[in-house]
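What follows is a single structure, written as structure tokens, with notes after it.
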Amino acid sequence: MTSVTFIHSADWQLGMTRKYLSDEAQARYTGARVDTIRTIGELAHSEGAQFIVVAGDVFEHANLSTRDVVRAYEAMAETRLPIYLLPGNHDPLGPGSIWSGEAHSSRPDNVTILDHEGPFDVSPSVEIVACPWYTKHPGHDPVTGILASLKPTDKTRILVAHGMLDVLDPDKQSETLVDTAALRGAVRDGLVDYVALGDRHICWTDPETGAINYSGTHESTGPREKSRGTALAVTLDGSTVTTTRHEIGRWLHVDIHRHVSSMEDIALLESDFASITHKDCAIVRTVLTGTLSMAAAAALERLLEAQTHVFASVYKWERHTDLVVVPDDADESLLGLSGFAAEAMAELRELAQQGDKTASDALLLLYRLGATS
């Protein structure tokens, strides 16, 4: 069996949009998802890889513009290496498929679409066995059904597939879970040498075989992904599988959780923001809880507003945010209210202490007006 090195990537989802990005940030995000293909090519050359496999969801959906598709193919051409693309659940084969669009006439010679089940010869000694998706809802395990049709071979055999392993998915009722035990058995029996999977956007390598792996997406798509995008460099040499995880992406999703009840806590929050590098390509979701004075709430508002000019996006995770504004003595002294106004403020304060968000917002507005008058 000949030693072979390749790059395992997946879930490029080219053309992906994110509602929390401005038009300016979205344009950069879209461009990065294409440009990182070139970074994968650079990684492949530095690792001495012979080819690149993309294990599903190359495109976000079937309605991408010709420009999006052509630019993606141009980046693939620049890698100067064979690239094998598997249709996944976002871009399945079938009626109306993105793969049948006119834009694909620009597909470069180094790109092969894995458009049917079964083997594709990479070289006389290496074959890819593809498991493409034909519909978004196949209703069955989209991977292991092909194992019964495979016969032993002297070639190095790489199964390229898309789907969630049952050992990783909490939804045990899903009709598309992939049978992990069946894949592990195929590896142990020598029926396949490596399983390149997509669908899970976080890099994961099988602790039992080391040969059934997710590369993760090449650019971050959401807060559950705790690093920038990744790819795997894989070397198969006889029964030995060597994988190296490489962080190749530019974009990062970050969750900041903090309880804020004082100016000191707000200073710590500011440190959280400061610790993040490459802020122009970082998307921050805040999860803030606590009870703040009006002055502290105003300071928090100023801090968050300032960060929106630095980061690609800063937004609240609304259903986990629980901030209450309650005036303290210093607030009331600054405002100097009396009579009906003081009574109204006392009523708002009582409502805010009970968790009334509208009352908290009204108190903060009142503070801003009073502090600037």
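In the structure tokens, each chain is lettered A, B, ... as it comes, each chain's residues begin at 1, and ligands are numbered from 1 in order of appearance.
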### Message
When you look at range 89-95 of chain A with a cut-off of 7 Å (counting only C-alpha atoms), what residues show up, excluding the ones that are within fewer than 4 positions of it in the same chain? I need them as a list in words.
### Response
Asp57, Phe59, Glu60, His61, Ala62, Trp99, Trp133, Tyr134, Thr135 and Lys136 of chain A
### Query
Mind checking DSSP for range 38-271 of chain A and telling me the helix (DSSP H, G or I) residues as a PyMOL selection string?
chain A and resi 38-47+66-78+98-100+102-106+144-149+180-188+263-271
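Of the residues in range 149-181 of chain A, those given strand (DSSP E or B) by DSSP on the backbone are A:Thr156, A:Arg157, A:Ile158, A:Leu159, A:Val160, A:Ala161, A:His162, A:Leu165, A:Val178.
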Store the residues picked out above in a file with N, CA and C atoms, as a PDB file, in the first residue's frame.
ATOM      1  N   THR A 156      -5.281   2.147  -1.462  1.00  0.00           N
ATOM      2  CA  THR A 156      -5.652   2.981  -0.323  1.00  0.00           C
ATOM      3  C   THR A 156      -7.035   3.543  -0.610  1.00  0.00           C
ATOM      4  N   ARG A 157      -7.977   3.284   0.315  1.00  0.00           N
ATOM      5  CA  ARG A 157      -9.374   3.645   0.056  1.00  0.00           C
ATOM      6  C   ARG A 157      -9.842   4.684   1.086  1.00  0.00           C
ATOM      7  N   ILE A 158     -10.332   5.815   0.561  1.00  0.00           N
ATOM      8  CA  ILE A 158     -10.813   6.919   1.402  1.00  0.00           C
ATOM      9  C   ILE A 158     -12.306   7.075   1.168  1.00  0.00           C
ATOM     10  N   LEU A 159     -13.080   6.890   2.213  1.00  0.00           N
ATOM     11  CA  LEU A 159     -14.524   7.104   2.138  1.00  0.00           C
ATOM     12  C   LEU A 159     -14.802   8.569   2.448  1.00  0.00           C
ATOM     13  N   VAL A 160     -15.439   9.276   1.517  1.00  0.00           N
ATOM     14  CA  VAL A 160     -15.768  10.697   1.694  1.00  0.00           C
ATOM     15  C   VAL A 160     -17.283  10.803   1.834  1.00  0.00           C
ATOM     16  N   ALA A 161     -17.735  11.316   2.978  1.00  0.00           N
ATOM     17  CA  ALA A 161     -19.160  11.269   3.287  1.00  0.00           C
ATOM     18  C   ALA A 161     -19.561  12.459   4.150  1.00  0.00           C
ATOM     19  N   HIS A 162     -20.876  12.577   4.346  1.00  0.00           N
ATOM     20  CA  HIS A 162     -21.422  13.741   5.054  1.00  0.00           C
ATOM     21  C   HIS A 162     -22.561  13.277   5.951  1.00  0.00           C
ATOM     22  N   LEU A 165     -22.321  11.452  13.136  1.00  0.00           N
ATOM     23  CA  LEU A 165     -22.153  10.171  13.813  1.00  0.00           C
ATOM     24  C   LEU A 165     -23.108  10.076  15.001  1.00  0.00           C
ATOM     25  N   VAL A 178     -25.442   8.590  11.475  1.00  0.00           N
ATOM     26  CA  VAL A 178     -24.482   7.675  10.856  1.00  0.00           C
ATOM     27  C   VAL A 178     -24.042   6.640  11.894  1.00  0.00           C
TER      28      VAL A 178
END
### Task
Tell me which protein, DNA and RNA residues are within 12 Å of Val143 in chain A, counting only C-alpha atoms, leaving out same-chain ones fewer than 2 positions away, and put them as JSON, numbers by chain.
{"A": [55, 56, 88, 117, 118, 129, 130, 131, 132, 133, 138, 139, 140, 141, 145, 146, 147, 148, 159, 160, 161, 162, 163, 164, 165, 166, 176, 177, 178, 179, 180, 182, 183, 186, 195, 196, 197, 198, 199]}
### Query
Any idea what's packed within 12 Å of Pro207 in chain A, counting only C-alpha atoms, ignoring anything in its chain fewer than 5 positions away? Could you give it as a VMD selection string?
chain A and resid 167 180 184 212 to 213
### Task
Go ahead and compute the interatomic distance for CA of Gly190 in chain A and CA of Asp237 in chain A, in Å to one decimal.
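Value for the CA of Gly190 in chain A-CA of Asp237 in chain A distance: 12.9 Å.
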### Query
Quick one, how far is CA of Leu114 in chain A from CA of Leu236 in chain A?
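About the pair CA of Leu114 in chain A and CA of Leu236 in chain A: they are 21.0 Å apart.
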Excluding range 5-8 of chain A and its own-chain neighbours fewer than 2 positions away, which residues fall within 6 Å of it when counting only C-alpha atoms? Please give them as a JSON list (two decimals) with all heavy atoms, in the first residue's frame.
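To be explicit, this is the file written out as result-v5.json:
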[["chain", "number", "residue", "atom", "x", "y", "z"],
["A", 49, "ALA", "N", 0.84, 17.46, 0.18],
["A", 49, "ALA", "CA", -0.38, 16.72, -0.12],
["A", 49, "ALA", "C", -0.56, 16.54, -1.63],
["A", 49, "ALA", "O", -0.22, 17.42, -2.42],
["A", 49, "ALA", "CB", -1.59, 17.46, 0.45],
["A", 50, "GLN", "N", -1.12, 15.40, -2.00],
["A", 50, "GLN", "CA", -1.37, 15.13, -3.41],
["A", 50, "GLN", "C", -2.72, 15.65, -3.88],
["A", 50, "GLN", "O", -2.92, 15.87, -5.07],
["A", 50, "GLN", "CB", -1.29, 13.61, -3.68],
["A", 50, "GLN", "CG", 0.13, 13.05, -3.61],
["A", 50, "GLN", "CD", 0.38, 12.27, -2.32],
["A", 50, "GLN", "OE1", 0.17, 12.79, -1.24],
["A", 50, "GLN", "NE2", 0.82, 11.02, -2.46],
["A", 51, "PHE", "N", -3.67, 15.83, -2.97],
["A", 51, "PHE", "CA", -5.01, 16.29, -3.36],
["A", 51, "PHE", "C", -5.75, 16.81, -2.12],
["A", 51, "PHE", "O", -5.26, 16.70, -0.98],
["A", 51, "PHE", "CB", -5.80, 15.16, -4.04],
["A", 51, "PHE", "CG", -5.96, 13.91, -3.21],
["A", 51, "PHE", "CD1", -7.08, 13.71, -2.42],
["A", 51, "PHE", "CD2", -4.98, 12.92, -3.24],
["A", 51, "PHE", "CE1", -7.21, 12.56, -1.66],
["A", 51, "PHE", "CE2", -5.11, 11.75, -2.48],
["A", 51, "PHE", "CZ", -6.23, 11.58, -1.69],
["A", 52, "ILE", "N", -6.95, 17.35, -2.38],
["A", 52, "ILE", "CA", -7.80, 17.91, -1.33],
["A", 52, "ILE", "C", -9.19, 17.30, -1.48],
["A", 52, "ILE", "O", -9.71, 17.21, -2.59],
["A", 52, "ILE", "CB", -7.91, 19.45, -1.48],
["A", 52, "ILE", "CG1", -6.52, 20.11, -1.31],
["A", 52, "ILE", "CG2", -8.91, 20.05, -0.49],
["A", 52, "ILE", "CD1", -6.47, 21.54, -1.84],
["A", 53, "VAL", "N", -9.79, 16.89, -0.35],
["A", 53, "VAL", "CA", -11.19, 16.43, -0.39],
["A", 53, "VAL", "C", -12.03, 17.39, 0.46],
["A", 53, "VAL", "O", -11.60, 17.86, 1.51],
["A", 53, "VAL", "CB", -11.36, 14.98, 0.12],
["A", 53, "VAL", "CG1", -10.58, 14.01, -0.75],
["A", 53, "VAL", "CG2", -10.95, 14.84, 1.58],
["A", 232, "LEU", "N", -7.68, 19.31, 8.22],
["A", 232, "LEU", "CA", -6.81, 18.22, 8.65],
["A", 232, "LEU", "C", -5.86, 17.84, 7.53],
["A", 232, "LEU", "O", -6.28, 17.63, 6.38],
["A", 232, "LEU", "CB", -7.63, 16.98, 9.03],
["A", 232, "LEU", "CG", -8.38, 17.01, 10.36],
["A", 232, "LEU", "CD1", -9.27, 15.78, 10.48],
["A", 232, "LEU", "CD2", -7.40, 17.05, 11.53],
["A", 233, "ALA", "N", -4.58, 17.75, 7.85],
["A", 233, "ALA", "CA", -3.61, 17.13, 6.96],
["A", 233, "ALA", "C", -3.52, 15.66, 7.35],
["A", 233, "ALA", "O", -3.30, 15.34, 8.52],
["A", 233, "ALA", "CB", -2.24, 17.80, 7.09],
["A", 234, "VAL", "N", -3.74, 14.78, 6.38],
["A", 234, "VAL", "CA", -3.84, 13.35, 6.66],
["A", 234, "VAL", "C", -2.78, 12.59, 5.86],
["A", 234, "VAL", "O", -2.64, 12.81, 4.65],
["A", 234, "VAL", "CB", -5.24, 12.81, 6.28],
["A", 234, "VAL", "CG1", -5.36, 11.32, 6.62],
["A", 234, "VAL", "CG2", -6.34, 13.62, 6.97],
["A", 235, "THR", "N", -2.07, 11.71, 6.54],
["A", 235, "THR", "CA", -1.14, 10.81, 5.86],
["A", 235, "THR", "C", -1.52, 9.37, 6.19],
["A", 235, "THR", "O", -1.67, 9.01, 7.36],
["A", 235, "THR", "CB", 0.32, 11.06, 6.29],
["A", 235, "THR", "OG1", 0.70, 12.38, 5.89],
["A", 235, "THR", "CG2", 1.27, 10.06, 5.63]]
### Message
Between A:Ser293, A:Ser22, A:Thr39, A:Thr17, which residue has the minimum interatomic distance to Tyr315 in chain A, considering only C-alpha atoms?
### Response
A:Ser22
### Message
Ranking A:Ala211, A:Val111, A:Ile98, A:Val126 by minimum distance to Thr242 in chain A and counting only C-alpha atoms, which one comes first?
### Response
A:Ala211
### Message
I want to know what sits within 8 Å of Val34 in chain A, based on only C-alpha atoms, with residues of the same chain fewer than 6 positions away left out; could you give that as a list in words?
### Response
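Within the cut-off, the hits are Leu14, Arg71, Ala72 and Ala75 of chain A.
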### Message
Report as a count of residues only all protein, DNA and RNA residues lying within 8 Å of Cys203 in chain A, evaluated on only C-alpha atoms, omitting residues in the same chain fewer than 5 positions from it.
### Response
8
Per residue of range 8-47 of chain A within 12 Å of range 77-87 of chain A, note the shortest atom pair and the distance in Å to one decimal, counting only C-alpha atoms, and order the rows by chain and increasing residue number, as CSV.
residue,atom,partner,partner_atom,distance
A:His8,CA,A:Tyr84,CA,10.0
A:Ser9,CA,A:Leu85,CA,9.7
A:Ala10,CA,A:Leu86,CA,8.8
A:Asp11,CA,A:Leu86,CA,9.9
A:Trp12,CA,A:Leu85,CA,10.4
A:Gln13,CA,A:Pro87,CA,10.8
A:Val34,CA,A:Glu78,CA,11.6
A:Asp35,CA,A:Glu78,CA,10.4
A:Thr36,CA,A:Thr79,CA,10.8
A:Ile37,CA,A:Thr79,CA,7.9
A:Arg38,CA,A:Thr79,CA,6.1
A:Thr39,CA,A:Thr79,CA,8.6
A:Ile40,CA,A:Thr79,CA,7.8
A:Gly41,CA,A:Thr79,CA,4.5
A:Glu42,CA,A:Thr79,CA,7.1
A:Leu43,CA,A:Thr79,CA,9.6
A:Ala44,CA,A:Leu81,CA,8.3
A:His45,CA,A:Thr79,CA,8.5
A:Ser46,CA,A:Thr79,CA,11.7
